[in-house]
file structure21.tsv (TSV, C-alpha atoms)
chain	number	residue	atom	x	y	z
A	1	MET	CA	0.00	0.00	0.00
A	2	PRO	CA	2.40	2.65	-1.15
A	3	TYR	CA	2.16	6.38	-0.78
A	4	TYR	CA	3.48	8.04	-3.88
A	5	GLU	CA	5.75	11.04	-3.51
A	6	LYS	CA	4.40	12.79	-6.55
A	7	SER	CA	0.80	13.17	-7.57
A	8	GLU	CA	1.83	12.52	-11.18
A	9	ASP	CA	3.10	9.06	-10.27
A	10	TRP	CA	-0.13	8.34	-8.45
A	11	LEU	CA	-2.10	9.47	-11.47
A	12	GLN	CA	-0.13	7.29	-13.83
A	13	GLN	CA	-0.34	4.16	-11.70
A	14	SER	CA	-4.03	4.74	-11.01
A	15	ALA	CA	-4.63	5.08	-14.72
A	16	LEU	CA	-2.93	1.74	-15.28
A	17	LEU	CA	-5.00	0.09	-12.58
A	18	LEU	CA	-8.17	1.53	-14.07
A	19	GLN	CA	-7.15	0.28	-17.47
A	20	ALA	CA	-6.83	-3.21	-16.05
A	21	ARG	CA	-9.95	-3.18	-13.86
A	22	PRO	CA	-12.24	-0.39	-14.90
A	23	SER	CA	-15.42	-1.61	-13.28
A	24	THR	CA	-14.21	-2.57	-9.80
A	25	THR	CA	-11.67	0.14	-9.10
A	26	ARG	CA	-12.80	3.10	-7.05
A	27	ILE	CA	-11.10	6.32	-6.02
A	28	THR	CA	-11.64	7.71	-2.57
A	29	THR	CA	-10.63	11.20	-1.55
A	30	ARG	CA	-10.49	11.67	2.19
A	31	TYR	CA	-10.22	15.09	3.73
A	32	HIS	CA	-9.61	15.03	7.43
A	33	LEU	CA	-8.42	17.28	10.21
A	34	LYS	CA	-6.04	16.50	12.95
A	35	LEU	CA	-5.10	18.57	15.91
A	36	ALA	CA	-1.76	20.14	15.24
A	37	ARG	CA	0.48	19.09	18.06
A	38	ARG	CA	4.04	20.11	17.66
A	39	ARG	CA	6.00	18.74	20.55
A	40	THR	CA	8.68	20.99	21.87
A	41	LYS	CA	12.11	19.71	22.79
A	42	ALA	CA	11.48	20.14	26.49
A	43	GLU	CA	8.25	18.19	26.22
A	44	LYS	CA	9.94	15.35	24.42
A	45	THR	CA	12.66	14.91	27.00
A	46	VAL	CA	10.47	15.21	30.06
A	47	ALA	CA	7.34	13.47	28.84
A	48	PRO	CA	8.35	9.81	29.30
A	49	ASP	CA	8.87	9.84	33.06
A	50	THR	CA	6.61	12.58	34.42
A	51	THR	CA	3.16	13.90	33.79
A	52	THR	CA	3.87	17.37	35.08
A	53	ILE	CA	4.12	18.67	31.55
A	54	THR	CA	0.48	17.97	30.70
A	55	PRO	CA	-0.83	21.44	31.55
A	56	LEU	CA	1.30	22.76	28.70
A	57	GLU	CA	-0.46	20.73	26.03
A	58	PRO	CA	-3.79	22.54	25.91
A	59	THR	CA	-2.07	25.86	25.42
A	60	THR	CA	0.00	24.61	22.50
A	61	GLN	CA	-3.09	23.06	20.97
A	62	ALA	CA	-5.09	26.20	21.41
A	63	THR	CA	-2.56	28.37	19.66
A	64	LYS	CA	-2.29	26.22	16.54
A	65	PRO	CA	-5.40	25.56	14.47
A	66	PRO	CA	-5.91	21.97	13.32
A	67	ARG	CA	-4.31	21.11	10.02
A	68	GLY	CA	-6.19	19.47	7.18
A	69	HIS	CA	-4.90	16.57	5.18
A	70	LEU	CA	-6.00	15.12	1.91
A	71	VAL	CA	-5.48	11.46	1.01
A	72	LEU	CA	-6.27	10.11	-2.43
A	73	LYS	CA	-6.67	6.37	-2.65
A	74	THR	CA	-7.26	4.20	-5.67
A	75	TYR	CA	-8.48	0.82	-4.57
A	76	ASP	CA	-9.45	-2.28	-6.46
A	77	PRO	CA	-11.18	-4.78	-4.17
A	78	ALA	CA	-10.86	-7.58	-6.72
A	79	SER	CA	-7.06	-7.59	-6.69
A	80	GLY	CA	-6.55	-5.79	-3.39
A	81	THR	CA	-4.42	-3.10	-4.99
A	82	ALA	CA	-4.33	0.24	-3.22
A	83	LEU	CA	-2.43	3.28	-4.45
A	84	LYS	CA	-2.25	6.37	-2.30
A	85	TYR	CA	-1.17	9.96	-2.36
A	86	LYS	CA	-1.17	12.33	0.56
A	87	THR	CA	-0.90	16.09	0.72
A	88	SER	CA	-1.68	18.99	2.99
A	89	LYS	CA	-1.25	21.80	0.47
A	90	ALA	CA	-4.27	23.80	-0.57
A	91	ALA	CA	-2.58	24.74	-3.82
A	92	GLU	CA	-2.81	21.15	-5.02
A	93	VAL	CA	-6.55	20.65	-4.64
A	94	GLY	CA	-7.47	22.07	-8.01
A	95	ARG	CA	-4.92	19.97	-9.81
A	96	LEU	CA	-5.90	16.81	-7.91
A	97	VAL	CA	-9.60	17.18	-8.73
A	98	GLN	CA	-8.59	17.65	-12.33
A	99	MET	CA	-6.74	14.34	-12.07
A	100	LEU	CA	-9.87	12.76	-10.63
A	101	GLY	CA	-11.60	14.04	-13.74
A	102	THR	CA	-9.12	12.46	-16.12
A	103	LEU	CA	-9.38	9.18	-14.23
A	104	GLY	CA	-13.14	9.58	-14.25
A	105	ARG	CA	-13.07	9.60	-18.03
A	106	ARG	CA	-11.35	6.24	-17.95
A	107	MET	CA	-13.91	4.91	-15.50
A	108	ALA	CA	-16.72	6.03	-17.76
A	109	ALA	CA	-15.06	4.18	-20.65
A	110	LEU	CA	-14.73	7.40	-22.62
A	111	PRO	CA	-11.94	7.70	-25.16
A	112	GLU	CA	-8.91	9.35	-23.69
A	113	VAL	CA	-8.43	13.03	-24.19
A	114	ALA	CA	-4.91	13.95	-23.28
A	115	VAL	CA	-5.44	16.96	-21.08
A	116	VAL	CA	-2.07	17.93	-19.77
A	117	PRO	CA	-2.42	19.86	-16.55
A	118	VAL	CA	-0.61	23.16	-16.42
A	119	VAL	CA	2.32	22.94	-14.08
A	120	GLU	CA	1.39	25.11	-11.15
A	121	ASP	CA	3.74	23.89	-8.46
A	122	ALA	CA	5.59	27.13	-8.10
A	123	GLY	CA	2.99	29.29	-9.75
A	124	GLU	CA	-0.38	30.47	-8.65
A	125	GLY	CA	-2.22	27.80	-6.71
A	126	GLY	CA	-5.42	26.22	-7.77
A	127	SER	CA	-6.42	28.04	-10.94
A	128	GLY	CA	-7.22	24.86	-12.78
A	129	VAL	CA	-6.55	26.06	-16.30
A	130	GLN	CA	-6.33	23.33	-18.86
A	131	THR	CA	-4.72	23.30	-22.23
A	132	PRO	CA	-5.85	20.57	-24.52
A	133	VAL	CA	-2.92	18.89	-26.21
A	134	PRO	CA	-3.20	16.16	-28.81
A	135	ALA	CA	-2.58	12.68	-27.51
A	136	GLU	CA	0.98	11.42	-27.75
A	137	GLY	CA	0.59	7.68	-27.72
A	138	PRO	CA	-2.15	5.36	-28.83
A	139	PRO	CA	-5.06	5.16	-26.44
A	140	GLY	CA	-4.17	1.82	-24.92
A	141	GLY	CA	-7.64	0.60	-24.24
A	142	GLY	CA	-7.67	-2.75	-25.92
A	143	GLN	CA	-5.04	-4.60	-23.94
A	144	ALA	CA	-5.63	-7.48	-21.63
A	145	GLY	CA	-5.59	-6.32	-18.04
A	146	GLY	CA	-3.55	-9.02	-16.36
A	147	LYS	CA	-0.06	-7.62	-16.67
A	148	GLY	CA	-0.48	-4.16	-15.25
A	149	LYS	CA	-2.42	-5.46	-12.31
A	150	LYS	CA	0.18	-7.97	-11.19
A	151	ARG	CA	3.06	-5.59	-11.40
A	152	LYS	CA	1.34	-3.04	-9.28
A	153	GLY	CA	0.26	-5.51	-6.67
A	154	LYS	CA	3.84	-6.12	-5.59
A	155	ARG	CA	4.72	-2.55	-4.89
B	1	MET	CA	-30.97	8.94	0.47
B	2	GLY	CA	-31.40	8.30	-3.17
B	3	VAL	CA	-29.37	9.61	-6.03
B	4	LEU	CA	-29.32	13.40	-6.13
B	5	THR	CA	-29.15	15.81	-9.01
B	6	HIS	CA	-25.90	17.70	-9.46
B	7	ASP	CA	-27.28	20.95	-8.10
B	8	VAL	CA	-28.61	19.34	-4.95
B	9	PHE	CA	-25.48	17.27	-4.55
B	10	PHE	CA	-23.19	20.29	-4.70
B	11	ALA	CA	-25.40	22.29	-2.37
B	12	LYS	CA	-25.38	19.49	0.19
B	13	LEU	CA	-21.68	18.87	-0.25
B	14	THR	CA	-20.98	22.53	0.46
B	15	GLU	CA	-23.18	22.20	3.54
B	16	LEU	CA	-21.21	19.13	4.58
B	17	PHE	CA	-17.91	21.01	4.31
B	18	ILE	CA	-19.29	23.97	6.22
B	19	GLY	CA	-20.78	21.74	8.90
B	20	ARG	CA	-17.41	20.18	9.51
B	21	ARG	CA	-15.97	23.58	10.37
B	22	ALA	CA	-17.94	23.69	13.60
B	23	LYS	CA	-15.44	21.25	15.11
B	24	ASP	CA	-11.68	21.04	15.10
B	25	HIS	CA	-11.62	17.47	13.80
B	26	GLY	CA	-13.53	15.21	11.49
B	27	ALA	CA	-13.31	13.80	8.00
B	28	ILE	CA	-15.13	13.87	4.70
B	29	SER	CA	-14.77	11.10	2.17
B	30	LEU	CA	-15.50	11.44	-1.52
B	31	THR	CA	-15.65	8.37	-3.72
B	32	GLN	CA	-15.98	7.86	-7.42
B	33	LYS	CA	-16.50	4.65	-9.33
B	34	ARG	CA	-18.07	3.29	-12.44
B	35	TYR	CA	-21.82	2.85	-12.14
B	36	THR	CA	-22.40	-0.78	-13.01
B	37	HIS	CA	-25.73	-1.50	-11.39
B	38	GLY	CA	-28.21	-3.20	-13.65
B	39	GLN	CA	-25.81	-3.70	-16.51
B	40	ALA	CA	-25.67	-7.14	-18.01
B	41	LEU	CA	-22.23	-7.88	-19.37
B	42	PRO	CA	-21.68	-10.86	-21.63
B	43	PRO	CA	-20.02	-13.72	-19.77
B	44	PRO	CA	-16.27	-14.02	-20.30
B	45	SER	CA	-15.32	-16.18	-23.24
B	46	PRO	CA	-11.98	-17.24	-24.72
B	47	GLU	CA	-12.33	-14.60	-27.45
B	48	ASN	CA	-13.33	-11.91	-24.99
B	49	PRO	CA	-11.93	-12.80	-21.57
B	50	PHE	CA	-12.56	-9.33	-20.07
B	51	PRO	CA	-15.92	-8.02	-21.26
B	52	GLU	CA	-15.70	-5.01	-18.94
B	53	LEU	CA	-12.75	-3.71	-20.96
B	54	HIS	CA	-14.69	-3.52	-24.21
B	55	LEU	CA	-17.91	-1.69	-23.57
B	56	ASP	CA	-20.11	-0.59	-26.44
B	57	SER	CA	-20.94	2.77	-24.93
B	58	PRO	CA	-19.63	4.95	-22.09
B	59	VAL	CA	-21.18	4.40	-18.67
B	60	PRO	CA	-22.07	6.91	-15.95
B	61	LEU	CA	-19.99	7.52	-12.85
B	62	LEU	CA	-21.24	7.21	-9.30
B	63	ILE	CA	-19.98	9.91	-6.96
B	64	ARG	CA	-20.46	9.53	-3.25
B	65	ALA	CA	-19.76	11.76	-0.30
B	66	THR	CA	-19.99	10.99	3.40
B	67	ASN	CA	-18.87	12.45	6.70
B	68	GLY	CA	-17.70	9.05	7.88
B	69	LYS	CA	-19.87	8.81	10.98
B	70	GLY	CA	-20.47	5.23	11.99
B	71	GLY	CA	-21.03	3.07	15.00
B	72	GLU	CA	-22.49	5.07	17.87
B	73	LYS	CA	-22.67	8.22	15.79
B	74	LYS	CA	-24.46	6.58	12.93
B	75	ALA	CA	-27.47	8.81	13.43
B	76	LYS	CA	-25.32	11.76	12.39
B	77	LYS	CA	-24.08	10.08	9.23
B	78	VAL	CA	-24.58	12.02	6.03
B	79	LYS	CA	-24.52	10.14	2.76
B	80	LEU	CA	-24.77	11.88	-0.57
B	81	SER	CA	-24.58	10.35	-3.99
B	82	THR	CA	-25.04	11.43	-7.55
B	83	LEU	CA	-24.68	10.00	-11.01
B	84	VAL	CA	-22.61	11.74	-13.66
B	85	GLU	CA	-23.42	10.97	-17.26
B	86	PRO	CA	-20.39	10.75	-19.55
B	87	ALA	CA	-21.45	13.90	-21.39
B	88	ASP	CA	-21.54	15.95	-18.17
B	89	LEU	CA	-18.15	14.87	-16.86
B	90	GLU	CA	-16.23	18.05	-17.60
B	91	ALA	CA	-18.89	20.41	-16.31
B	92	PHE	CA	-19.27	18.30	-13.19
B	93	TYR	CA	-15.59	18.19	-12.39
B	94	SER	CA	-15.05	21.91	-12.80
B	95	ARG	CA	-17.82	22.54	-10.27
B	96	TYR	CA	-16.49	19.74	-8.09
B	97	ALA	CA	-13.08	21.40	-8.05
B	98	GLU	CA	-14.57	24.71	-6.97
B	99	VAL	CA	-16.56	23.13	-4.14
B	100	CYS	CA	-13.54	21.17	-2.94
B	101	LYS	CA	-11.24	24.16	-3.09
B	102	THR	CA	-13.53	26.30	-0.98
B	103	GLY	CA	-14.52	23.44	1.30
B	104	MET	CA	-11.07	22.17	2.18
B	105	ALA	CA	-10.04	25.33	3.93
B	106	ALA	CA	-7.91	23.73	6.61
B	107	LEU	CA	-5.21	22.72	4.17
B	108	LYS	CA	-1.95	24.58	4.22
B	109	PRO	CA	-2.22	27.80	2.23
B	110	ARG	CA	0.62	28.81	0.00
B	111	ASP	CA	3.26	30.19	2.28
B	112	ARG	CA	3.92	33.81	1.49
B	113	THR	CA	5.14	34.78	4.95
B	114	LYS	CA	8.27	32.66	4.98
B	115	ARG	CA	10.55	35.32	3.65
B	116	LYS	CA	9.12	37.92	5.97
B	117	ALA	CA	9.52	35.69	9.02
B	118	LYS	CA	13.11	34.98	8.11
B	119	ALA	CA	13.93	38.64	7.79
B	120	LYS	CA	12.29	39.32	11.12
B	121	LYS	CA	14.25	36.56	12.83
B	122	LYS	CA	17.52	37.95	11.55
B	123	LYS	CA	16.62	41.36	12.85
B	124	VAL	CA	15.68	40.05	16.29
B	125	GLY	CA	18.83	37.97	16.43
B	126	GLY	CA	20.94	40.96	15.55
B	127	ILE	CA	19.37	43.06	18.25
B	128	ALA	CA	19.81	40.32	20.81
B	129	GLN	CA	23.50	40.13	20.01
B	130	VAL	CA	23.90	43.85	20.40
B	131	VAL	CA	22.16	43.83	23.77
call {"tool": "encode", "arguments": {"input": "structure21.tsv", "output": "structure tokens"}}
result
Amino acid sequence: MPYYEKSEDWLQQSALLLQARPSTTRITTRYHLKLARRRTKAEKTVAPDTTTITPLEPTTQATKPPRGHLVLKTYDPASGTALKYKTSKAAEVGRLVQMLGTLGRRMAALPEVAVVPVVEDAGEGGSGVQTPVPAEGPPGGGQAGGKGKKRKGKR
Amino acid sequence: MGVLTHDVFFAKLTELFIGRRAKDHGAISLTQKRYTHGQALPPPSPENPFPELHLDSPVPLLIRATNGKGGEKKAKKVKLSTLVEPADLEAFYSRYAEVCKTGMAALKPRDRTKRKAKAKKKKVGGIAQVV
């Protein structure tokens, strides 16, 4: 159950999984909040043996608002393959939903339209502008699904 | 709850995101998958071992959203679902992106203060050394 470092890798592997098993694979996007608890050095060293430090915790929690996280998961129950990507950056949301859209096209068995997302890592966040670019390779729809599935299962 | 129209779905999804803000924790799950209910595929044969890979026509997508309440809190569970026809995919996803972007407000915003903070630190450090 790997977490991919880059969303592009996740997209590519998810696309392969969908190509192999288009009708059982599902993509779940989970947005959740956790209390931000940054432990200070003093807390770390003292915490194991005493509980005197506990009054500090509420204050640190109160000062920092909880941080949101976003986990994308492509899961195929038939083969048990799960591919994940995790982020906490708001700037990525637009791009990720766009990826969900491209994968959605595959799910719907629509012919592939190569929509290359504009690179917006360093640029302005979240303005999901798309530029349609003609497809590079053949739309690999007609292949047997076995190979891609097995390879991914090991990772 | 049955399948909603897009307008209702987005309205309720926005509500779901806003409702989550009342607390400092919680989760919202969004799922998408192919809608296969009630579709009769031909049984696999040697010539066509994977009938699901060669569909005659595009199929709709099923989009689900939930706030993940279960067990004791099941009464508070919110489940939304909608169907997206292949023709509406692009329009749906552009709206979906907008709702998600505004809804997921607790994610880390782009950090514009880093440089400022650094400069400040340097200044403070300098003063401390002088004193």
call {"tool": "closest_atom_pairs", "arguments": {"input": "structure21.tsv", "of": "chain B", "to": "chain A", "cutoff": "6 Å", "atoms": "only C-alpha atoms", "output": "Markdown table"}}
result
| residue | atom | partner | partner_atom | distance |
| --- | --- | --- | --- | --- |
| B:His25 | CA | A:Leu33 | CA | 4.8 |
| B:Gly26 | CA | A:His32 | CA | 5.6 |
| B:Ala27 | CA | A:His32 | CA | 3.9 |
| B:Ile28 | CA | A:Tyr31 | CA | 5.2 |
| B:Ser29 | CA | A:Arg30 | CA | 4.3 |
| B:Leu30 | CA | A:Thr29 | CA | 4.9 |
| B:Thr31 | CA | A:Thr28 | CA | 4.2 |
| B:Gln32 | CA | A:Ile27 | CA | 5.3 |
| B:Lys33 | CA | A:Arg26 | CA | 4.6 |
| B:Arg34 | CA | A:Met107 | CA | 5.4 |
| B:Pro58 | CA | A:Ala109 | CA | 4.9 |
| B:Val59 | CA | A:Ala108 | CA | 4.8 |
| B:Pro60 | CA | A:Ala108 | CA | 5.7 |
| B:Tyr93 | CA | A:Gly101 | CA | 5.9 |
| B:Ala97 | CA | A:Val97 | CA | 5.5 |
| B:Ala106 | CA | A:Gly68 | CA | 4.6 |
| B:Leu107 | CA | A:Gly68 | CA | 4.5 |
| B:Lys108 | CA | A:Lys89 | CA | 4.7 |
| B:Pro109 | CA | A:Ala90 | CA | 5.3 |
call {"tool": "atom_distance", "arguments": {"input": "structure21.tsv", "atom1": "CA of Leu80 (chain B)", "atom2": "CA of Gln39 (chain B)"}}
result
22.3 Å
call {"tool": "atom_distance", "arguments": {"input": "structure21.tsv", "atom1": "CA of Lys77 (chain B)", "atom2": "CA of Lys64 (chain A)"}}
result
28.1 Å
call {"tool": "residues_around", "arguments": {"input": "structure21.tsv", "residues": "Asp7 (chain B)", "least_positions_apart": "2", "cutoff": "12 Å", "atoms": "all atoms listed in the file", "output": "JSON, numbers by chain"}}
result
{"B": [3, 4, 5, 9, 10, 11, 12, 13, 14, 81, 82, 83, 84, 91, 92, 95, 96, 99]}
call {"tool": "atom_distance", "arguments": {"input": "structure21.tsv", "atom1": "CA of Arg20 (chain B)", "atom2": "CA of Ala65 (chain B)"}}
result
13.1 Å
call {"tool": "decode", "arguments": {"input": "structure21.tsv", "residues": "region 85-107 of chain A", "atoms": "N, CA and C atoms", "output": "tab-separated table (two decimals), in the first residue's frame"}}
result
chain	number	residue	atom	x	y	z
A	85	TYR	N	-1.94	8.71	-2.32
A	85	TYR	CA	-1.17	9.96	-2.36
A	85	TYR	C	-1.69	10.87	-1.26
A	86	LYS	N	-0.77	11.51	-0.58
A	86	LYS	CA	-1.17	12.33	0.56
A	86	LYS	C	-0.61	13.73	0.40
A	87	THR	N	-1.39	14.72	0.75
A	87	THR	CA	-0.90	16.09	0.72
A	87	THR	C	-1.60	16.93	1.78
A	88	SER	N	-1.01	18.06	2.08
A	88	SER	CA	-1.68	18.99	2.99
A	88	SER	C	-1.65	20.40	2.40
A	89	LYS	N	-1.37	20.49	1.11
A	89	LYS	CA	-1.25	21.80	0.47
A	89	LYS	C	-2.54	22.17	-0.24
A	90	ALA	N	-3.04	23.33	0.06
A	90	ALA	CA	-4.27	23.80	-0.57
A	90	ALA	C	-4.07	24.05	-2.06
A	91	ALA	N	-2.85	24.40	-2.43
A	91	ALA	CA	-2.58	24.74	-3.82
A	91	ALA	C	-2.77	23.54	-4.74
A	92	GLU	N	-2.74	22.34	-4.17
A	92	GLU	CA	-2.81	21.15	-5.02
A	92	GLU	C	-4.24	20.70	-5.31
A	93	VAL	N	-5.19	21.19	-4.54
A	93	VAL	CA	-6.55	20.65	-4.64
A	93	VAL	C	-7.10	20.73	-6.06
A	94	GLY	N	-6.94	21.90	-6.67
A	94	GLY	CA	-7.47	22.07	-8.01
A	94	GLY	C	-6.90	21.07	-8.99
A	95	ARG	N	-5.60	20.90	-8.90
A	95	ARG	CA	-4.92	19.97	-9.81
A	95	ARG	C	-5.37	18.53	-9.55
A	96	LEU	N	-5.54	18.18	-8.25
A	96	LEU	CA	-5.90	16.81	-7.91
A	96	LEU	C	-7.31	16.48	-8.40
A	97	VAL	N	-8.24	17.43	-8.26
A	97	VAL	CA	-9.60	17.18	-8.73
A	97	VAL	C	-9.60	17.03	-10.25
A	98	GLN	N	-8.74	17.79	-10.88
A	98	GLN	CA	-8.59	17.65	-12.33
A	98	GLN	C	-8.12	16.24	-12.68
A	99	MET	N	-7.21	15.72	-11.87
A	99	MET	CA	-6.74	14.34	-12.07
A	99	MET	C	-7.89	13.35	-11.88
A	100	LEU	N	-8.70	13.62	-10.85
A	100	LEU	CA	-9.87	12.76	-10.63
A	100	LEU	C	-10.75	12.77	-11.88
A	101	GLY	N	-10.81	13.92	-12.52
A	101	GLY	CA	-11.60	14.04	-13.74
A	101	GLY	C	-11.04	13.21	-14.87
A	102	THR	N	-9.72	13.25	-15.04
A	102	THR	CA	-9.12	12.46	-16.12
A	102	THR	C	-9.31	10.97	-15.85
A	103	LEU	N	-9.17	10.59	-14.57
A	103	LEU	CA	-9.38	9.18	-14.23
A	103	LEU	C	-10.86	8.82	-14.38
A	104	GLY	N	-11.71	9.79	-14.10
A	104	GLY	CA	-13.14	9.58	-14.25
A	104	GLY	C	-13.51	9.26	-15.70
A	105	ARG	N	-12.83	9.89	-16.62
A	105	ARG	CA	-13.07	9.60	-18.03
A	105	ARG	C	-12.77	8.14	-18.34
A	106	ARG	N	-11.69	7.65	-17.75
A	106	ARG	CA	-11.35	6.24	-17.95
A	106	ARG	C	-12.42	5.33	-17.34
A	107	MET	N	-12.88	5.71	-16.16
A	107	MET	CA	-13.91	4.91	-15.50
A	107	MET	C	-15.16	4.84	-16.35
